[in-house]
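K.L.:
For reference, this is entry33.csv, and it has CSV, C-alpha atoms.
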chain,number,residue,atom,x,y,z
A,41,MET,CA,73.0,97.3,71.6
A,42,LYS,CA,70.8,100.1,70.1
A,43,TRP,CA,72.2,100.2,66.6
A,44,ASN,CA,69.9,103.0,65.5
A,45,LEU,CA,71.4,105.4,68.0
A,46,ILE,CA,74.9,104.3,67.1
A,47,LEU,CA,74.2,104.8,63.4
A,48,LEU,CA,72.8,108.3,64.0
A,49,ALA,CA,76.0,109.2,66.0
A,50,TYR,CA,78.3,107.8,63.4
A,51,LEU,CA,76.6,109.4,60.4
A,52,SER,CA,76.3,112.8,62.2
A,53,LEU,CA,80.0,112.9,63.0
A,54,PHE,CA,80.9,112.1,59.4
A,55,ALA,CA,78.7,115.0,58.1
A,56,LEU,CA,80.1,117.3,60.8
A,57,SER,CA,83.7,116.4,60.1
A,58,LEU,CA,83.6,117.1,56.3
A,59,ILE,CA,82.2,120.6,57.0
A,60,ASP,CA,84.6,121.3,60.0
A,61,ASN,CA,87.7,119.9,58.3
A,62,GLY,CA,87.0,121.9,55.1
A,63,ARG,CA,87.9,125.2,56.9
A,64,ALA,CA,91.6,124.6,57.0
A,65,PRO,CA,92.3,123.8,53.4
A,66,THR,CA,90.0,126.5,52.1
A,67,TYR,CA,91.1,129.2,54.7
A,68,TYR,CA,93.6,130.9,52.4
A,69,SER,CA,91.1,131.1,49.5
A,70,ILE,CA,88.4,132.5,51.7
A,71,LEU,CA,90.7,135.3,52.9
A,72,SER,CA,91.8,136.0,49.3
A,73,ASP,CA,88.3,136.1,47.9
A,74,LEU,CA,86.9,138.3,50.7
A,75,GLU,CA,90.1,140.4,50.7
A,76,ILE,CA,90.6,140.2,54.4
A,77,GLY,CA,93.7,139.6,56.5
A,78,PRO,CA,94.4,136.7,58.9
A,79,ALA,CA,93.3,138.9,61.9
A,80,LYS,CA,89.8,139.2,60.6
A,81,GLY,CA,89.8,135.7,59.2
A,82,SER,CA,90.7,134.2,62.5
A,83,TYR,CA,87.2,135.1,63.7
A,84,ILE,CA,85.8,132.1,61.8
A,85,PHE,CA,87.5,129.9,64.4
A,86,THR,CA,87.1,132.2,67.4
A,87,ILE,CA,83.4,132.7,67.0
A,88,ALA,CA,82.7,129.0,66.5
A,89,SER,CA,84.8,128.3,69.7
A,90,PHE,CA,83.0,130.9,71.7
A,91,ILE,CA,79.5,129.7,70.6
A,92,SER,CA,80.6,126.1,71.4
A,93,LEU,CA,81.6,127.2,74.9
A,94,ILE,CA,78.2,128.8,75.6
A,95,VAL,CA,76.4,125.7,74.3
A,96,CYS,CA,78.4,123.5,76.7
A,97,LEU,CA,77.9,125.8,79.7
A,98,THR,CA,74.2,125.9,79.2
A,99,ALA,CA,73.8,122.2,78.4
A,100,PRO,CA,72.4,121.2,81.8
A,101,LYS,CA,69.4,123.5,81.0
A,102,TRP,CA,68.6,122.5,77.4
A,103,LEU,CA,69.9,118.9,77.1
A,104,PRO,CA,67.4,117.2,79.5
A,105,ARG,CA,64.5,119.0,77.7
A,106,ILE,CA,65.3,118.0,74.1
A,107,GLY,CA,67.4,114.8,74.6
A,108,PRO,CA,70.2,113.4,72.5
A,109,VAL,CA,68.2,112.3,69.5
A,110,LYS,CA,66.4,115.6,68.9
A,111,GLY,CA,69.6,117.4,69.8
A,112,THR,CA,71.5,115.6,67.2
A,113,ARG,CA,68.9,116.3,64.6
A,114,LEU,CA,68.9,120.0,65.5
A,115,SER,CA,72.7,120.1,65.2
A,116,LEU,CA,72.4,118.6,61.7
A,117,LEU,CA,70.2,121.5,60.7
A,118,PHE,CA,72.7,124.0,62.0
A,119,LEU,CA,75.5,122.3,60.1
A,120,ALA,CA,73.6,122.3,56.9
A,121,ALA,CA,72.7,126.0,57.3
A,122,SER,CA,76.4,126.8,58.0
A,123,GLY,CA,77.6,125.1,54.8
A,124,ILE,CA,74.9,126.9,52.7
A,125,CYS,CA,75.8,130.2,54.4
A,126,LEU,CA,79.4,129.7,53.5
A,127,TYR,CA,78.4,129.2,49.9
A,128,PHE,CA,76.5,132.5,49.9
A,129,THR,CA,79.4,134.1,51.7
A,130,GLY,CA,81.5,133.4,48.6
A,131,ARG,CA,78.8,134.3,46.1
A,132,PHE,CA,78.2,137.8,47.7
A,133,LEU,CA,81.8,138.2,49.2
A,134,SER,CA,80.2,139.1,52.5
A,135,TYR,CA,82.2,139.2,55.7
A,136,PRO,CA,79.1,139.4,57.9
A,137,LEU,CA,77.8,136.2,56.3
A,138,LEU,CA,81.1,134.6,57.1
A,139,LEU,CA,80.7,135.4,60.8
A,140,VAL,CA,77.1,134.1,60.7
A,141,SER,CA,78.2,130.8,59.1
A,142,SER,CA,80.8,130.5,61.9
A,143,ALA,CA,78.2,131.0,64.6
A,144,LEU,CA,76.0,128.4,63.0
A,145,LEU,CA,78.9,126.0,62.7
A,146,GLY,CA,79.8,126.5,66.3
A,147,LEU,CA,76.2,125.6,67.3
A,148,GLY,CA,76.2,122.5,65.2
A,149,ILE,CA,79.6,121.3,66.3
A,150,ALA,CA,78.9,121.9,70.0
A,151,ILE,CA,75.5,120.3,70.2
A,152,CYS,CA,76.6,117.3,68.1
A,153,SER,CA,79.8,116.8,70.1
A,154,LEU,CA,77.7,116.4,73.2
A,155,THR,CA,74.8,114.4,71.8
A,156,MET,CA,76.7,111.9,69.7
A,157,ASN,CA,78.8,110.8,72.7
A,158,ILE,CA,75.6,110.4,74.8
A,159,LEU,CA,74.0,108.4,72.0
A,160,ILE,CA,77.0,106.0,72.2
A,161,MET,CA,76.8,105.9,76.0
A,162,LYS,CA,73.1,105.0,75.8
A,163,GLY,CA,73.3,102.8,72.7
A,164,SER,CA,76.2,100.5,73.6
A,165,THR,CA,76.8,97.8,76.1
A,166,SER,CA,79.6,98.1,78.7
A,167,GLU,CA,81.6,95.3,77.0
A,168,LEU,CA,81.6,97.0,73.6
A,169,ARG,CA,81.5,100.7,74.6
A,170,ARG,CA,85.2,101.4,74.2
A,171,LYS,CA,85.2,99.8,70.7
A,172,VAL,CA,82.2,101.7,69.7
A,173,PHE,CA,83.7,105.0,70.9
A,174,SER,CA,86.9,104.2,69.0
A,175,GLY,CA,84.9,103.6,65.9
A,176,LEU,CA,83.1,106.9,66.3
A,177,HIS,CA,86.2,108.9,66.7
A,178,ALA,CA,88.0,107.0,63.9
A,179,ILE,CA,85.4,108.7,61.6
A,180,TYR,CA,86.8,112.1,62.5
A,181,GLY,CA,90.4,111.0,61.6
A,182,PHE,CA,89.2,109.5,58.3
A,183,SER,CA,87.3,112.6,57.3
A,184,SER,CA,90.4,114.7,58.1
A,185,LEU,CA,92.2,112.7,55.5
A,186,LEU,CA,89.2,112.7,53.1
A,187,ALA,CA,88.3,116.5,53.1
A,188,PRO,CA,91.4,117.7,51.2
A,189,PHE,CA,90.8,115.0,48.5
A,190,VAL,CA,87.1,116.0,48.2
A,191,LEU,CA,88.1,119.6,47.8
A,192,ALA,CA,90.8,118.7,45.2
A,193,GLY,CA,88.3,116.7,43.2
A,194,ILE,CA,85.9,119.7,43.2
A,195,LEU,CA,88.7,122.0,42.1
A,196,LYS,CA,89.7,119.6,39.3
A,197,ILE,CA,86.2,119.7,37.8
A,198,GLY,CA,86.2,123.5,37.8
A,199,GLY,CA,84.6,124.2,41.2
A,200,ASP,CA,85.9,126.2,44.1
A,201,TRP,CA,85.6,126.4,47.9
A,202,LYS,CA,82.0,127.7,47.6
A,203,ILE,CA,81.0,124.6,45.8
A,204,TYR,CA,82.8,122.4,48.3
A,205,PHE,CA,80.7,123.8,51.2
A,206,LEU,CA,77.5,123.7,49.2
A,207,ALA,CA,78.2,120.0,48.4
A,208,VAL,CA,79.0,118.9,51.9
A,209,SER,CA,76.0,120.9,53.3
A,210,THR,CA,73.8,118.2,51.7
A,211,LEU,CA,75.3,115.5,54.0
A,212,PRO,CA,73.5,116.6,57.2
A,213,VAL,CA,70.3,116.7,55.3
A,214,LEU,CA,70.9,113.2,53.9
A,215,VAL,CA,71.6,112.0,57.5
A,216,LEU,CA,68.4,113.5,58.7
A,217,LEU,CA,66.4,111.7,56.0
A,218,MET,CA,68.3,108.4,56.4
A,219,THR,CA,67.7,108.3,60.2
A,220,SER,CA,64.2,109.9,60.2
A,221,LYS,CA,62.8,106.6,61.6
A,222,THR,CA,65.1,106.6,64.6
A,223,ASP,CA,62.6,106.4,67.4
A,224,ASN,CA,62.4,108.9,70.3
A,225,LEU,CA,61.9,106.2,72.9
A,226,LEU,CA,65.1,107.5,74.6
A,227,GLU,CA,63.6,111.0,74.8
A,228,LYS,CA,60.3,109.7,76.2
A,229,GLU,CA,62.1,107.8,78.9
A,230,GLU,CA,64.2,110.7,80.0
A,231,GLN,CA,62.0,113.7,79.1
A,232,GLY,CA,62.3,116.4,81.7
A,233,LYS,CA,64.9,114.6,83.9
A,234,ALA,CA,67.6,116.8,85.1
A,235,LEU,CA,71.1,115.7,84.7
A,236,GLU,CA,72.5,113.8,87.7
A,237,LYS,CA,74.9,116.0,89.5
A,238,GLY,CA,76.7,115.8,92.8
A,239,VAL,CA,80.2,115.4,91.5
A,240,PRO,CA,82.8,117.2,93.7
A,241,LEU,CA,84.4,120.3,92.1
A,242,LYS,CA,88.0,118.9,92.4
A,243,VAL,CA,86.9,115.8,90.5
A,244,ARG,CA,85.3,117.9,87.7
A,245,ILE,CA,88.5,119.9,87.5
A,246,LEU,CA,90.7,116.8,87.2
A,247,PHE,CA,88.6,115.3,84.5
A,248,GLY,CA,88.3,118.6,82.8
A,249,VAL,CA,92.1,118.9,82.7
A,250,LEU,CA,92.5,115.3,81.6
A,251,PHE,CA,90.1,115.8,78.6
A,252,GLY,CA,90.9,119.4,77.8
A,253,CYS,CA,94.6,119.1,77.8
A,254,TYR,CA,94.6,115.9,75.7
A,255,VAL,CA,92.4,117.6,73.0
A,256,GLY,CA,94.6,120.7,73.2
A,257,SER,CA,97.8,118.6,72.8
A,258,GLU,CA,96.3,116.9,69.7
A,259,LEU,CA,95.2,120.2,68.3
A,260,VAL,CA,98.6,121.7,68.5
A,261,ILE,CA,100.1,118.9,66.4
A,262,SER,CA,97.2,118.6,64.0
A,263,SER,CA,96.9,122.4,63.3
A,264,ARG,CA,100.5,123.6,63.7
A,265,LEU,CA,102.7,120.7,62.5
A,266,PRO,CA,103.0,122.0,58.9
A,267,TYR,CA,103.7,125.5,60.1
A,268,TYR,CA,106.5,124.2,62.4
A,269,LEU,CA,108.0,122.1,59.6
A,270,ASN,CA,107.9,125.0,57.2
A,271,THR,CA,109.3,127.7,59.4
A,272,HIS,CA,111.7,125.8,61.7
A,273,LEU,CA,112.9,122.9,59.7
A,274,LYS,CA,112.5,124.7,56.3
A,275,LEU,CA,110.7,121.8,54.7
A,276,ASP,CA,108.6,122.6,51.6
A,277,GLU,CA,104.8,122.6,51.8
A,278,VAL,CA,104.3,119.3,50.0
A,279,THR,CA,106.6,117.5,52.5
A,280,SER,CA,105.0,119.2,55.5
A,281,GLY,CA,101.6,118.2,54.2
A,282,TYR,CA,102.9,114.6,53.9
A,283,TYR,CA,103.8,114.5,57.6
A,284,LEU,CA,100.4,115.9,58.6
A,285,SER,CA,98.6,113.3,56.5
A,286,LEU,CA,100.8,110.7,58.1
A,287,PHE,CA,99.7,111.9,61.5
A,288,PHE,CA,96.0,111.6,60.6
A,289,LEU,CA,96.7,108.2,59.1
A,290,PHE,CA,98.2,106.9,62.3
A,291,LEU,CA,95.4,108.5,64.3
A,292,THR,CA,92.7,106.8,62.2
A,293,MET,CA,94.6,103.5,62.1
A,294,GLY,CA,94.8,103.4,65.9
A,295,ARG,CA,91.1,104.1,66.4
A,296,ILE,CA,90.1,101.6,63.8
A,297,ILE,CA,92.3,98.9,65.5
A,298,PHE,CA,90.6,99.7,68.9
A,299,SER,CA,87.2,99.6,67.3
A,300,LEU,CA,87.8,96.1,65.8
A,301,LYS,CA,89.6,94.5,68.7
A,302,HIS,CA,89.0,94.6,72.4
A,303,PHE,CA,92.1,94.8,74.5
A,304,ASN,CA,91.5,93.3,78.0
A,305,ILE,CA,93.3,96.1,79.7
A,306,LYS,CA,91.8,98.6,82.2
A,307,SER,CA,91.0,102.0,80.7
A,308,GLU,CA,93.1,103.9,83.2
A,309,ILE,CA,96.2,101.8,82.2
A,310,LEU,CA,95.6,102.4,78.5
A,311,LEU,CA,95.4,106.1,79.2
A,312,LEU,CA,98.7,106.1,81.2
A,313,VAL,CA,100.4,104.2,78.3
A,314,SER,CA,99.0,106.6,75.8
A,315,PHE,CA,100.2,109.8,77.6
A,316,ILE,CA,103.7,108.4,78.3
A,317,THR,CA,104.3,107.0,74.8
A,318,THR,CA,103.0,110.3,73.3
A,319,LEU,CA,105.6,112.2,75.4
A,320,ILE,CA,108.4,109.9,74.3
A,321,SER,CA,107.3,110.1,70.6
A,322,PHE,CA,107.2,113.9,70.8
A,323,THR,CA,110.7,114.1,72.3
A,324,LEU,CA,112.1,111.9,69.5
A,325,GLY,CA,110.2,113.9,66.9
A,326,HIS,CA,111.4,117.2,68.3
A,327,GLN,CA,115.0,116.2,68.8
A,328,VAL,CA,115.7,113.3,66.3
A,329,HIS,CA,113.3,113.2,63.3
A,330,PRO,CA,109.9,114.7,62.5
A,331,PHE,CA,108.5,111.2,61.6
A,332,PHE,CA,108.0,110.7,65.3
A,333,LEU,CA,105.8,113.8,65.5
A,334,SER,CA,103.5,112.0,62.9
A,335,LEU,CA,103.8,108.8,64.9
A,336,MET,CA,102.2,110.6,67.9
A,337,GLY,CA,98.9,110.1,66.1
A,338,LEU,CA,99.1,106.4,66.8
A,339,PHE,CA,99.8,106.8,70.5
A,340,MET,CA,97.1,109.5,70.8
A,341,SER,CA,94.5,107.7,68.8
A,342,TYR,CA,92.9,105.6,71.6
A,343,ALA,CA,93.2,108.2,74.4
A,344,PHE,CA,89.9,110.1,73.8
A,345,PRO,CA,87.6,107.2,73.2
A,346,THR,CA,89.2,105.3,76.1
A,347,ALA,CA,88.8,108.4,78.4
A,348,LEU,CA,85.1,108.6,77.4
A,349,ASP,CA,84.7,104.9,78.3
A,350,TYR,CA,86.5,105.5,81.6
A,351,LEU,CA,84.2,108.5,82.4
A,352,VAL,CA,81.1,106.2,82.0
A,353,GLN,CA,82.7,103.5,84.2
A,354,VAL,CA,83.5,106.0,87.0
A,355,PHE,CA,80.4,108.2,86.9
A,356,ASP,CA,77.6,105.9,85.6
A,357,LEU,CA,74.3,107.8,86.0
A,358,LYS,CA,76.2,111.1,86.3
A,359,SER,CA,78.0,110.5,82.9
A,360,ASP,CA,75.8,112.9,81.0
A,361,TYR,CA,76.5,115.7,83.4
A,362,MET,CA,80.2,115.0,83.5
A,363,LEU,CA,80.3,115.0,79.7
A,364,THR,CA,78.9,118.5,79.6
A,365,SER,CA,81.5,119.5,82.2
A,366,VAL,CA,84.5,118.1,80.3
A,367,MET,CA,83.3,119.6,77.0
A,368,THR,CA,83.2,123.0,78.7
A,369,TRP,CA,86.7,122.5,79.9
A,370,ILE,CA,87.8,121.5,76.4
A,371,GLY,CA,86.4,124.7,75.0
A,372,VAL,CA,88.3,126.7,77.7
A,373,VAL,CA,91.6,124.9,77.1
A,374,LEU,CA,91.4,125.3,73.3
A,375,GLY,CA,90.9,129.0,73.7
A,376,PHE,CA,94.0,129.3,75.8
A,377,VAL,CA,96.0,127.1,73.4
A,378,HIS,CA,95.2,129.3,70.4
A,379,PHE,CA,96.2,132.4,72.4
A,380,PHE,CA,99.4,131.1,73.9
A,381,PHE,CA,100.7,129.4,70.8
A,382,GLY,CA,100.4,132.6,68.9
A,383,MET,CA,102.1,134.6,71.7
A,384,ILE,CA,104.9,132.2,72.3
A,385,ASN,CA,105.5,131.7,68.5
A,386,GLU,CA,105.7,135.4,68.0
A,387,SER,CA,108.2,135.9,70.8
A,388,TYR,CA,110.3,132.7,70.6
A,389,GLY,CA,109.4,130.8,67.4
A,390,ALA,CA,107.5,127.7,66.4
A,391,ASN,CA,110.2,125.4,67.8
A,392,ILE,CA,109.4,126.6,71.4
A,393,ALA,CA,105.6,127.1,70.8
A,394,LEU,CA,105.3,123.4,69.8
A,395,LEU,CA,106.4,122.5,73.3
A,396,ILE,CA,102.8,123.3,74.4
A,397,SER,CA,101.8,119.9,73.1
A,398,PRO,CA,104.0,117.8,75.5
A,399,PHE,CA,103.2,120.2,78.3
A,400,LEU,CA,99.5,119.6,77.9
A,401,SER,CA,100.1,115.8,77.6
A,402,LEU,CA,102.0,116.0,80.9
A,403,CYS,CA,99.0,117.9,82.5
A,404,SER,CA,96.6,115.1,81.3
A,405,LEU,CA,98.9,112.5,82.8
A,406,SER,CA,99.2,114.3,86.1
A,407,ALA,CA,95.5,114.8,86.4
A,408,LEU,CA,94.9,111.1,85.8
A,409,MET,CA,97.5,110.1,88.4
A,410,ILE,CA,96.1,112.5,91.0
A,411,PHE,CA,92.6,111.0,90.5
A,412,LEU,CA,93.9,107.4,90.7
A,413,LYS,CA,95.6,108.4,94.0
A,414,MET,CA,92.4,109.9,95.3
A,415,LYS,CA,90.5,106.7,94.5
A,416,LYS,CA,92.9,104.7,96.6
A,417,VAL,CA,92.5,106.9,99.7
Could you write out this file's structure as structure tokens?
P.N.:
Amino acid sequence: MKWNLILLAYLSLFALSLIDNGRAPTYYSILSDLEIGPAKGSYIFTIASFISLIVCLTAPKWLPRIGPVKGTRLSLLFLAASGICLYFTGRFLSYPLLLVSSALLGLGIAICSLTMNILIMKGSTSELRRKVFSGLHAIYGFSSLLAPFVLAGILKIGGDWKIYFLAVSTLPVLVLLMTSKTDNLLEKEEQGKALEKGVPLKVRILFGVLFGCYVGSELVISSRLPYYLNTHLKLDEVTSGYYLSLFFLFLTMGRIIFSLKHFNIKSEILLLVSFITTLISFTLGHQVHPFFLSLMGLFMSYAFPTALDYLVQVFDLKSDYMLTSVMTWIGVVLGFVHFFFGMINESYGANIALLISPFLSLCSLSALMIFLKMKKV
């Protein structure tokens, strides 16, 4: 185990998460202070997603040159710059600065999302890799719970959203300082090596659908659950927020459990169980009680880290290349999810639009089953 690489990945994701997860609870205040509507405000998400897609598409060119350690450090600089830029956005009430901050955030998120997973691949043993991946992604769930409390604490002492982003922008800098002695031996070993390719297109598509549709399914619930509960079930904002917090709590709990305990079950079996139980939980939540929509977090929790572990098992030396491929697919799928949710919601309501989540879970399940069938042939 190369703990210095694992520590760099963990700390970087924590710094990223508090900046990224600060956008949702501060979104309304940003729109109000800058006096812009939701249409213009939505560009803070759209630009970040577009930049992320470009970074992933070009990763086979830049990633072999700089490597995961330097890449992670570069992403931390972009994240810090994004938080500082958001602070000045509020100070000068500048919409162009808001767009610049979104572009910087997109760069930071995209680079870090690739490099931190590669650091885990290179830094962990095959026996512990699934646990280490689960621990990494538990951090994101934890920070999703933490961000609103940090913001509330800053508001309580007289601060505002500008101070929040200025405060959290110090975290990437602290991580850079704390991990400054992380050696670049990994870079020296792989300097200039092109990513191993040679994966058939149909296999890249199947894994792209598996990963992209899972992330899209999770995003629909994590970003639209309060809206669905407010508009369709007529629950108040406090109660809706409670169900969302419960979702993230289950998500974090599941990943922590998988980071602490090794389950002697094949990764592909765990993925099948995750997708099927997620579909069952959604059906109960949609038709019986919204608690089961929150419970989906538990069944979804181990899917992404397990899928990453499975990717390394299947592709071995080609894992870095496949990671850039699936990250590109995730960006594409998320773009379609944002578009179609809005379109369906406008035409048929949130109750129907929420069905995108189980549809995407079903797509992930189908892609995995097709791949498993291909392996047997």
K.L.:
Determine the nearest neighbour of Asn44 (chain A) from the options A:Ser92, A:Gln327, A:Ser82, A:Thr219, counting all atoms listed in the file.
P.N.:
A:Thr219
K.L.:
Would you mind reading off the distance between CA of Pro398 (chain A) and CA of Thr318 (chain A), one decimal, in Å?
P.N.:
7.9 Å
K.L.:
Could you pull the residues within 9 Å of Leu310 (chain A), counting only C-alpha atoms, minus those fewer than 3 positions along the same chain, as a list of chain:residue names?
P.N.:
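Residues near the query, excluding close chain neighbours: A:Ile305, A:Lys306, A:Ser307, A:Val313, A:Ser314, A:Phe315, A:Tyr342, A:Ala343, A:Thr346.
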K.L.:
Calculated over all atoms listed in the file, which of the candidates A:Val354, A:Leu147, A:Cys152, A:Leu395 has the smallest distance to Lys415 (chain A)?
P.N.:
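The closest residue to Lys415 (chain A) is A:Val354.
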K.L.:
When distances are computed from all atoms listed in the file, which of A:Tyr254, A:Tyr204, A:Tyr283, A:Phe118 shows the smallest separation from Ile370 (chain A)?
P.N.:
A:Tyr254
